[in-house]
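Shown next: protein_27.csv, containing CSV, N, CA and C atoms.
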chain,number,residue,atom,x,y,z
G,1118,MET,N,15.8,1.1,-2.4
G,1118,MET,CA,14.6,0.7,-3.1
G,1118,MET,C,14.5,1.4,-4.4
G,1119,GLN,N,14.1,0.8,-5.4
G,1119,GLN,CA,14.0,1.4,-6.7
G,1119,GLN,C,12.9,2.5,-6.7
G,1120,VAL,N,13.2,3.6,-7.4
G,1120,VAL,CA,12.3,4.7,-7.5
G,1120,VAL,C,11.0,4.3,-8.1
G,1121,ALA,N,11.0,3.5,-9.1
G,1121,ALA,CA,9.7,3.1,-9.8
G,1121,ALA,C,8.8,2.3,-8.8
G,1122,LEU,N,9.4,1.5,-8.0
G,1122,LEU,CA,8.7,0.7,-7.0
G,1122,LEU,C,8.1,1.6,-5.9
G,1123,THR,N,8.9,2.6,-5.5
G,1123,THR,CA,8.4,3.6,-4.5
G,1123,THR,C,7.2,4.3,-5.1
G,1124,PHE,N,7.3,4.7,-6.3
G,1124,PHE,CA,6.2,5.4,-7.0
G,1124,PHE,C,4.9,4.6,-7.0
G,1125,GLN,N,5.1,3.3,-7.4
G,1125,GLN,CA,4.0,2.4,-7.5
G,1125,GLN,C,3.4,2.1,-6.1
G,1126,PHE,N,4.2,2.0,-5.1
G,1126,PHE,CA,3.7,1.8,-3.8
G,1126,PHE,C,3.0,3.0,-3.3
G,1127,GLU,N,3.5,4.2,-3.5
G,1127,GLU,CA,2.7,5.4,-3.1
G,1127,GLU,C,1.4,5.4,-3.8
G,1128,ARG,N,1.3,5.1,-5.0
G,1128,ARG,CA,0.0,5.0,-5.7
G,1128,ARG,C,-0.9,4.0,-5.1
G,1129,ALA,N,-0.4,2.8,-4.8
G,1129,ALA,CA,-1.2,1.8,-4.1
G,1129,ALA,C,-1.8,2.3,-2.8
G,1130,VAL,N,-0.9,2.9,-2.0
G,1130,VAL,CA,-1.3,3.4,-0.7
G,1130,VAL,C,-2.4,4.5,-0.8
G,1131,ASN,N,-2.2,5.4,-1.7
G,1131,ASN,CA,-3.2,6.4,-1.9
G,1131,ASN,C,-4.6,5.8,-2.4
G,1132,GLU,N,-4.5,4.8,-3.3
G,1132,GLU,CA,-5.8,4.2,-3.7
G,1132,GLU,C,-6.4,3.4,-2.6
G,1133,TYR,N,-5.5,2.8,-1.8
G,1133,TYR,CA,-6.0,2.0,-0.6
G,1133,TYR,C,-6.8,2.9,0.3
G,1134,ALA,N,-6.3,4.1,0.5
G,1134,ALA,CA,-6.9,5.1,1.4
G,1134,ALA,C,-8.3,5.4,0.8
G,1135,GLN,N,-8.4,5.7,-0.4
G,1135,GLN,CA,-9.7,6.0,-1.1
G,1135,GLN,C,-10.6,4.8,-1.0
G,1136,TRP,N,-10.1,3.6,-1.2
G,1136,TRP,CA,-10.9,2.4,-1.1
G,1136,TRP,C,-11.4,2.2,0.3
G,1137,GLN,N,-10.6,2.4,1.3
G,1137,GLN,CA,-11.0,2.2,2.7
G,1137,GLN,C,-12.1,3.2,3.1
G,1138,ALA,N,-12.2,4.4,2.4
G,1138,ALA,CA,-13.1,5.4,2.7
G,1138,ALA,C,-14.6,5.0,2.3
G,1139,VAL,N,-14.7,4.1,1.4
G,1139,VAL,CA,-16.0,3.6,1.0
G,1139,VAL,C,-16.5,2.6,2.0
G,1140,PRO,N,-17.8,2.6,2.4
G,1140,PRO,CA,-18.3,1.6,3.4
G,1140,PRO,C,-18.1,0.2,2.8
G,1141,THR,N,-17.8,-0.7,3.7
G,1141,THR,CA,-17.4,-2.1,3.4
G,1141,THR,C,-18.5,-2.7,2.5
G,1142,ASP,N,-19.7,-2.5,2.8
G,1142,ASP,CA,-20.8,-3.2,2.0
G,1142,ASP,C,-21.0,-2.5,0.6
G,1143,GLU,N,-20.4,-1.4,0.4
G,1143,GLU,CA,-20.5,-0.7,-0.9
G,1143,GLU,C,-19.3,-0.7,-1.8
G,1144,ARG,N,-18.1,-1.1,-1.2
G,1144,ARG,CA,-16.9,-1.0,-2.0
G,1144,ARG,C,-16.7,-2.3,-2.9
G,1145,SER,N,-16.0,-2.0,-4.0
G,1145,SER,CA,-15.7,-3.1,-4.9
G,1145,SER,C,-14.5,-3.9,-4.3
G,1146,ASP,N,-14.2,-5.0,-5.0
G,1146,ASP,CA,-13.0,-5.7,-4.6
G,1146,ASP,C,-11.7,-4.9,-4.8
G,1147,ALA,N,-10.7,-5.2,-4.0
G,1147,ALA,CA,-9.5,-4.4,-4.2
G,1147,ALA,C,-8.9,-4.6,-5.5
G,1148,PRO,N,-8.3,-3.6,-6.1
G,1148,PRO,CA,-7.7,-3.7,-7.4
G,1148,PRO,C,-6.6,-4.8,-7.5
G,1149,ALA,N,-6.6,-5.6,-8.5
G,1149,ALA,CA,-5.6,-6.7,-8.6
G,1149,ALA,C,-4.2,-6.2,-8.8
G,1150,TRP,N,-4.0,-5.0,-9.3
G,1150,TRP,CA,-2.6,-4.5,-9.6
G,1150,TRP,C,-1.9,-4.3,-8.2
G,1151,TRP,N,-2.6,-4.1,-7.1
G,1151,TRP,CA,-2.0,-4.0,-5.9
G,1151,TRP,C,-1.1,-5.2,-5.5
G,1152,TRP,N,-1.5,-6.3,-6.0
G,1152,TRP,CA,-0.8,-7.6,-5.7
G,1152,TRP,C,0.6,-7.5,-6.2
G,1153,SER,N,0.8,-7.1,-7.5
G,1153,SER,CA,2.1,-7.0,-8.1
G,1153,SER,C,3.0,-6.1,-7.3
G,1154,THR,N,2.5,-4.9,-6.9
G,1154,THR,CA,3.3,-4.0,-6.2
G,1154,THR,C,3.6,-4.6,-4.8
G,1155,ALA,N,2.7,-5.2,-4.1
G,1155,ALA,CA,3.0,-5.8,-2.8
G,1155,ALA,C,4.0,-6.9,-3.0
G,1156,ILE,N,3.9,-7.7,-4.0
G,1156,ILE,CA,4.9,-8.8,-4.1
G,1156,ILE,C,6.3,-8.3,-4.4
G,1157,ALA,N,6.3,-7.2,-5.2
G,1157,ALA,CA,7.6,-6.6,-5.5
G,1157,ALA,C,8.3,-5.9,-4.2
G,1158,ALA,N,7.4,-5.5,-3.3
G,1158,ALA,CA,8.0,-4.9,-2.1
G,1158,ALA,C,8.1,-5.8,-0.9
G,1159,ILE,N,7.7,-7.0,-1.0
G,1159,ILE,CA,7.7,-7.9,0.1
G,1159,ILE,C,9.0,-8.2,0.8
G,1160,ASP,N,10.1,-7.9,0.1
G,1160,ASP,CA,11.4,-8.1,0.8
G,1160,ASP,C,12.1,-6.8,1.1
G,1161,GLU,N,11.4,-5.7,0.9
G,1161,GLU,CA,12.0,-4.3,1.1
G,1161,GLU,C,12.0,-4.0,2.6
G,1162,ASN,N,13.2,-3.8,3.2
G,1162,ASN,CA,13.3,-3.5,4.6
G,1162,ASN,C,13.4,-2.0,4.9
G,1163,ALA,N,13.3,-1.1,3.9
G,1163,ALA,CA,13.4,0.3,4.1
G,1163,ALA,C,12.1,0.7,4.8
G,1164,ALA,N,12.2,1.8,5.7
G,1164,ALA,CA,11.1,2.3,6.4
G,1164,ALA,C,10.2,3.1,5.4
G,1165,MET,N,8.9,3.0,5.6
G,1165,MET,CA,7.9,3.8,4.8
G,1165,MET,C,7.8,5.2,5.4
G,1166,PRO,N,7.3,6.1,4.7
G,1166,PRO,CA,6.9,7.4,5.3
G,1166,PRO,C,5.9,7.2,6.3
G,1167,VAL,N,5.9,8.0,7.4
G,1167,VAL,CA,5.0,7.9,8.5
G,1167,VAL,C,3.5,8.0,8.0
G,1168,GLU,N,3.3,8.9,7.0
G,1168,GLU,CA,1.9,9.1,6.5
G,1168,GLU,C,1.4,7.8,5.9
G,1169,TRP,N,2.2,7.0,5.2
G,1169,TRP,CA,1.8,5.8,4.6
G,1169,TRP,C,1.5,4.7,5.7
G,1170,CYS,N,2.3,4.7,6.7
G,1170,CYS,CA,2.1,3.8,7.9
G,1170,CYS,C,0.7,4.0,8.5
G,1171,ALA,N,0.4,5.3,8.7
G,1171,ALA,CA,-0.9,5.6,9.2
G,1171,ALA,C,-2.1,5.1,8.3
G,1172,ILE,N,-1.9,5.4,7.0
G,1172,ILE,CA,-3.0,4.9,6.1
G,1172,ILE,C,-3.1,3.4,6.1
G,1173,LEU,N,-2.0,2.7,6.2
G,1173,LEU,CA,-2.1,1.2,6.1
G,1173,LEU,C,-2.3,0.6,7.5
G,1174,GLY,N,-2.3,1.4,8.5
G,1174,GLY,CA,-2.6,0.9,9.9
G,1174,GLY,C,-1.5,0.1,10.5
G,1175,VAL,N,-0.3,0.4,10.1
G,1175,VAL,CA,0.9,-0.2,10.7
G,1175,VAL,C,1.7,0.8,11.6
G,1176,ALA,N,2.6,0.3,12.3
G,1176,ALA,CA,3.4,1.1,13.3
G,1176,ALA,C,4.2,2.1,12.5
G,1177,ASP,N,4.5,3.2,13.1
G,1177,ASP,CA,5.4,4.2,12.5
G,1177,ASP,C,6.7,3.6,12.2
G,1178,GLU,N,7.3,4.0,11.1
G,1178,GLU,CA,8.6,3.4,10.6
G,1178,GLU,C,8.5,2.0,10.3
G,1179,ALA,N,7.3,1.5,9.9
G,1179,ALA,CA,7.2,0.1,9.4
G,1179,ALA,C,7.9,0.0,8.1
G,1180,THR,N,8.3,-1.2,7.7
G,1180,THR,CA,9.0,-1.4,6.5
G,1180,THR,C,8.0,-1.5,5.3
G,1181,TYR,N,8.5,-1.4,4.1
G,1181,TYR,CA,7.6,-1.6,2.9
G,1181,TYR,C,7.1,-3.0,2.9
G,1182,ALA,N,7.9,-3.9,3.4
G,1182,ALA,CA,7.4,-5.3,3.5
G,1182,ALA,C,6.2,-5.5,4.4
G,1183,GLU,N,6.2,-4.8,5.5
G,1183,GLU,CA,5.1,-4.8,6.4
G,1183,GLU,C,3.8,-4.1,5.8
G,1184,GLY,N,4.1,-3.1,5.0
G,1184,GLY,CA,3.0,-2.4,4.3
G,1184,GLY,C,2.4,-3.3,3.2
G,1185,ALA,N,3.3,-4.0,2.6
G,1185,ALA,CA,2.9,-4.9,1.5
G,1185,ALA,C,2.0,-6.0,2.0
G,1186,LYS,N,2.2,-6.4,3.2
G,1186,LYS,CA,1.3,-7.5,3.8
G,1186,LYS,C,-0.2,-6.9,3.9
G,1187,VAL,N,-0.3,-5.7,4.1
G,1187,VAL,CA,-1.7,-5.1,4.2
G,1187,VAL,C,-2.3,-5.1,2.8
G,1188,LEU,N,-1.6,-4.7,1.8
G,1188,LEU,CA,-2.1,-4.7,0.5
G,1188,LEU,C,-2.5,-6.1,0.0
Let me see the structure of the file written as structure tokens.
Amino acid sequence: MQVALTFQFERAVNEYAQWQAVPTDERSDAPAWWWSTAIAAIDENAAMPVEWCAILGVADEATYAEGAKVL
């Protein structure tokens, strides 16, 4: 997986965690830039770090493609 995409995905995951921390009725819409990162990662079969899996609510060792579906 490209280093730039990994960096973008990490940023999206971290922002997703912050976004999820806001109560549903108070949070804004999800940032649109997440879509481009998710689309770029939709075919990536490498396993994500376990911490990212926990944040995104997917199984340990889930692929970037599985994480992209959450975004």
Mind listing the alpha helix (DSSP H) residues of chain G, per DSSP on the backbone, as an MDAnalysis selection string?
-> chainID G and resid 1120:1138 1150:1158 1167:1173 1181:1187
All residues 8 Å or closer to Asp1177 (chain G), only N, CA and C atoms, same chain fewer than 3 positions away omitted, as an mmCIF file with N, CA and C atoms, in the frame of the given file:
data_model
loop_
_atom_site.group_PDB
_atom_site.id
_atom_site.type_symbol
_atom_site.label_atom_id
_atom_site.label_comp_id
_atom_site.auth_asym_id
_atom_site.auth_seq_id
_atom_site.Cartn_x
_atom_site.Cartn_y
_atom_site.Cartn_z
ATOM 1 N N ALA G 1164 12.200 1.800 5.700
ATOM 2 C CA ALA G 1164 11.100 2.300 6.400
ATOM 3 C C ALA G 1164 10.200 3.100 5.400
ATOM 4 N N MET G 1165 8.900 3.000 5.600
ATOM 5 C CA MET G 1165 7.900 3.800 4.800
ATOM 6 C C MET G 1165 7.800 5.200 5.400
ATOM 7 N N PRO G 1166 7.300 6.100 4.700
ATOM 8 C CA PRO G 1166 6.900 7.400 5.300
ATOM 9 C C PRO G 1166 5.900 7.200 6.300
ATOM 10 N N VAL G 1167 5.900 8.000 7.400
ATOM 11 C CA VAL G 1167 5.000 7.900 8.500
ATOM 12 C C VAL G 1167 3.500 8.000 8.000
ATOM 13 N N GLU G 1168 3.300 8.900 7.000
ATOM 14 C CA GLU G 1168 1.900 9.100 6.500
ATOM 15 C C GLU G 1168 1.400 7.800 5.900
ATOM 16 N N TRP G 1169 2.200 7.000 5.200
ATOM 17 C CA TRP G 1169 1.800 5.800 4.600
ATOM 18 C C TRP G 1169 1.500 4.700 5.700
ATOM 19 N N CYS G 1170 2.300 4.700 6.700
ATOM 20 C CA CYS G 1170 2.100 3.800 7.900
ATOM 21 C C CYS G 1170 0.700 4.000 8.500
ATOM 22 N N ALA G 1171 0.400 5.300 8.700
ATOM 23 C CA ALA G 1171 -0.900 5.600 9.200
ATOM 24 C C ALA G 1171 -2.100 5.100 8.300
ATOM 25 N N GLY G 1174 -2.300 1.400 8.500
ATOM 26 C CA GLY G 1174 -2.600 0.900 9.900
ATOM 27 C C GLY G 1174 -1.500 0.100 10.500
ATOM 28 N N THR G 1180 8.300 -1.200 7.700
ATOM 29 C CA THR G 1180 9.000 -1.400 6.500
ATOM 30 C C THR G 1180 8.000 -1.500 5.300
#
Extract, using all atoms listed in the file, all DNA, RNA and protein residues at most 8 Å from Asp1160 (chain G), discarding same-chain residues fewer than 6 positions from it, and format them as a PyMOL selection string.
-> chain G and resi 1180-1183+1185
Two-atom distance - CA of Ala1179 (chain G), atom N of Glu1161 (chain G) (Å) = 11.1 Å
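Using only C-alpha atoms, the smallest distance between any of G:Asn1162, G:Gln1135, G:Ala1129, G:Val1175 and Ala1149 (chain G) comes from G:Ala1129.
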Fewer than 3 positions away in the same chain doesn't count, so skip those; otherwise give me all residues within 12 Å of Asn1131 (chain G), counting only C-alpha atoms, as a ChimeraX atom specification.
-> /G:1124-1128,1134-1138,1151,1168-1173,1188
CA of Thr1154 (chain G) to CA of Thr1141 (chain G), straight-line distance in Å | 22.9 Å
Counting all atoms listed in the file, figure out which residue out of G:Glu1178, G:Val1120, G:Lys1186, G:Glu1143 gets nearest to Ile1156 (chain G).
-> G:Lys1186
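Of note, atom N of Met1118 (chain G) and atom C of Pro1148 (chain G) are spaced 23.7 Å apart.
Shortest atom-to-atom contact with Ala1147 (chain G) among G:Val1187, G:Ile1159, G:Thr1123, G:Ala1176: G:Val1187, counting only C-alpha atoms.
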Will you model N, CA, C and O atoms for region 1155-1174 of chain G and pass it back as an mmCIF file, keeping the file's coordinate frame?
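Okay, this is what ended up in result32.cif:
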data_model
loop_
_atom_site.group_PDB
_atom_site.id
_atom_site.type_symbol
_atom_site.label_atom_id
_atom_site.label_comp_id
_atom_site.auth_asym_id
_atom_site.auth_seq_id
_atom_site.Cartn_x
_atom_site.Cartn_y
_atom_site.Cartn_z
ATOM 1 N N ALA G 1155 2.700 -5.200 -4.100
ATOM 2 C CA ALA G 1155 3.000 -5.800 -2.800
ATOM 3 C C ALA G 1155 4.000 -6.900 -3.000
ATOM 4 O O ALA G 1155 4.929 -6.972 -2.126
ATOM 5 N N ILE G 1156 3.900 -7.700 -4.000
ATOM 6 C CA ILE G 1156 4.900 -8.800 -4.100
ATOM 7 C C ILE G 1156 6.300 -8.300 -4.400
ATOM 8 O O ILE G 1156 7.255 -8.751 -3.867
ATOM 9 N N ALA G 1157 6.300 -7.200 -5.200
ATOM 10 C CA ALA G 1157 7.600 -6.600 -5.500
ATOM 11 C C ALA G 1157 8.300 -5.900 -4.200
ATOM 12 O O ALA G 1157 9.495 -5.862 -4.148
ATOM 13 N N ALA G 1158 7.400 -5.500 -3.300
ATOM 14 C CA ALA G 1158 8.000 -4.900 -2.100
ATOM 15 C C ALA G 1158 8.100 -5.800 -0.900
ATOM 16 O O ALA G 1158 8.547 -5.353 0.182
ATOM 17 N N ILE G 1159 7.700 -7.000 -1.000
ATOM 18 C CA ILE G 1159 7.700 -7.900 0.100
ATOM 19 C C ILE G 1159 9.000 -8.200 0.800
ATOM 20 O O ILE G 1159 9.056 -8.492 2.019
ATOM 21 N N ASP G 1160 10.100 -7.900 0.100
ATOM 22 C CA ASP G 1160 11.400 -8.100 0.800
ATOM 23 C C ASP G 1160 12.100 -6.800 1.100
ATOM 24 O O ASP G 1160 13.313 -6.768 1.427
ATOM 25 N N GLU G 1161 11.400 -5.700 0.900
ATOM 26 C CA GLU G 1161 12.000 -4.300 1.100
ATOM 27 C C GLU G 1161 12.000 -4.000 2.600
ATOM 28 O O GLU G 1161 10.931 -3.901 3.214
ATOM 29 N N ASN G 1162 13.200 -3.800 3.200
ATOM 30 C CA ASN G 1162 13.300 -3.500 4.600
ATOM 31 C C ASN G 1162 13.400 -2.000 4.900
ATOM 32 O O ASN G 1162 13.650 -1.627 6.069
ATOM 33 N N ALA G 1163 13.300 -1.100 3.900
ATOM 34 C CA ALA G 1163 13.400 0.300 4.100
ATOM 35 C C ALA G 1163 12.100 0.700 4.800
ATOM 36 O O ALA G 1163 11.041 0.167 4.630
ATOM 37 N N ALA G 1164 12.200 1.800 5.700
ATOM 38 C CA ALA G 1164 11.100 2.300 6.400
ATOM 39 C C ALA G 1164 10.200 3.100 5.400
ATOM 40 O O ALA G 1164 10.719 3.903 4.599
ATOM 41 N N MET G 1165 8.900 3.000 5.600
ATOM 42 C CA MET G 1165 7.900 3.800 4.800
ATOM 43 C C MET G 1165 7.800 5.200 5.400
ATOM 44 O O MET G 1165 8.016 5.300 6.631
ATOM 45 N N PRO G 1166 7.300 6.100 4.700
ATOM 46 C CA PRO G 1166 6.900 7.400 5.300
ATOM 47 C C PRO G 1166 5.900 7.200 6.300
ATOM 48 O O PRO G 1166 4.989 6.331 6.191
ATOM 49 N N VAL G 1167 5.900 8.000 7.400
ATOM 50 C CA VAL G 1167 5.000 7.900 8.500
ATOM 51 C C VAL G 1167 3.500 8.000 8.000
ATOM 52 O O VAL G 1167 2.621 7.289 8.517
ATOM 53 N N GLU G 1168 3.300 8.900 7.000
ATOM 54 C CA GLU G 1168 1.900 9.100 6.500
ATOM 55 C C GLU G 1168 1.400 7.800 5.900
ATOM 56 O O GLU G 1168 0.186 7.429 6.121
ATOM 57 N N TRP G 1169 2.200 7.000 5.200
ATOM 58 C CA TRP G 1169 1.800 5.800 4.600
ATOM 59 C C TRP G 1169 1.500 4.700 5.700
ATOM 60 O O TRP G 1169 0.577 3.940 5.597
ATOM 61 N N CYS G 1170 2.300 4.700 6.700
ATOM 62 C CA CYS G 1170 2.100 3.800 7.900
ATOM 63 C C CYS G 1170 0.700 4.000 8.500
ATOM 64 O O CYS G 1170 0.028 3.064 8.773
ATOM 65 N N ALA G 1171 0.400 5.300 8.700
ATOM 66 C CA ALA G 1171 -0.900 5.600 9.200
ATOM 67 C C ALA G 1171 -2.100 5.100 8.300
ATOM 68 O O ALA G 1171 -3.039 4.544 8.809
ATOM 69 N N ILE G 1172 -1.900 5.400 7.000
ATOM 70 C CA ILE G 1172 -3.000 4.900 6.100
ATOM 71 C C ILE G 1172 -3.100 3.400 6.100
ATOM 72 O O ILE G 1172 -4.261 2.909 6.096
ATOM 73 N N LEU G 1173 -2.000 2.700 6.200
ATOM 74 C CA LEU G 1173 -2.100 1.200 6.100
ATOM 75 C C LEU G 1173 -2.300 0.600 7.500
ATOM 76 O O LEU G 1173 -2.578 -0.589 7.582
ATOM 77 N N GLY G 1174 -2.300 1.400 8.500
ATOM 78 C CA GLY G 1174 -2.600 0.900 9.900
ATOM 79 C C GLY G 1174 -1.500 0.100 10.500
ATOM 80 O O GLY G 1174 -1.726 -0.841 11.231
#
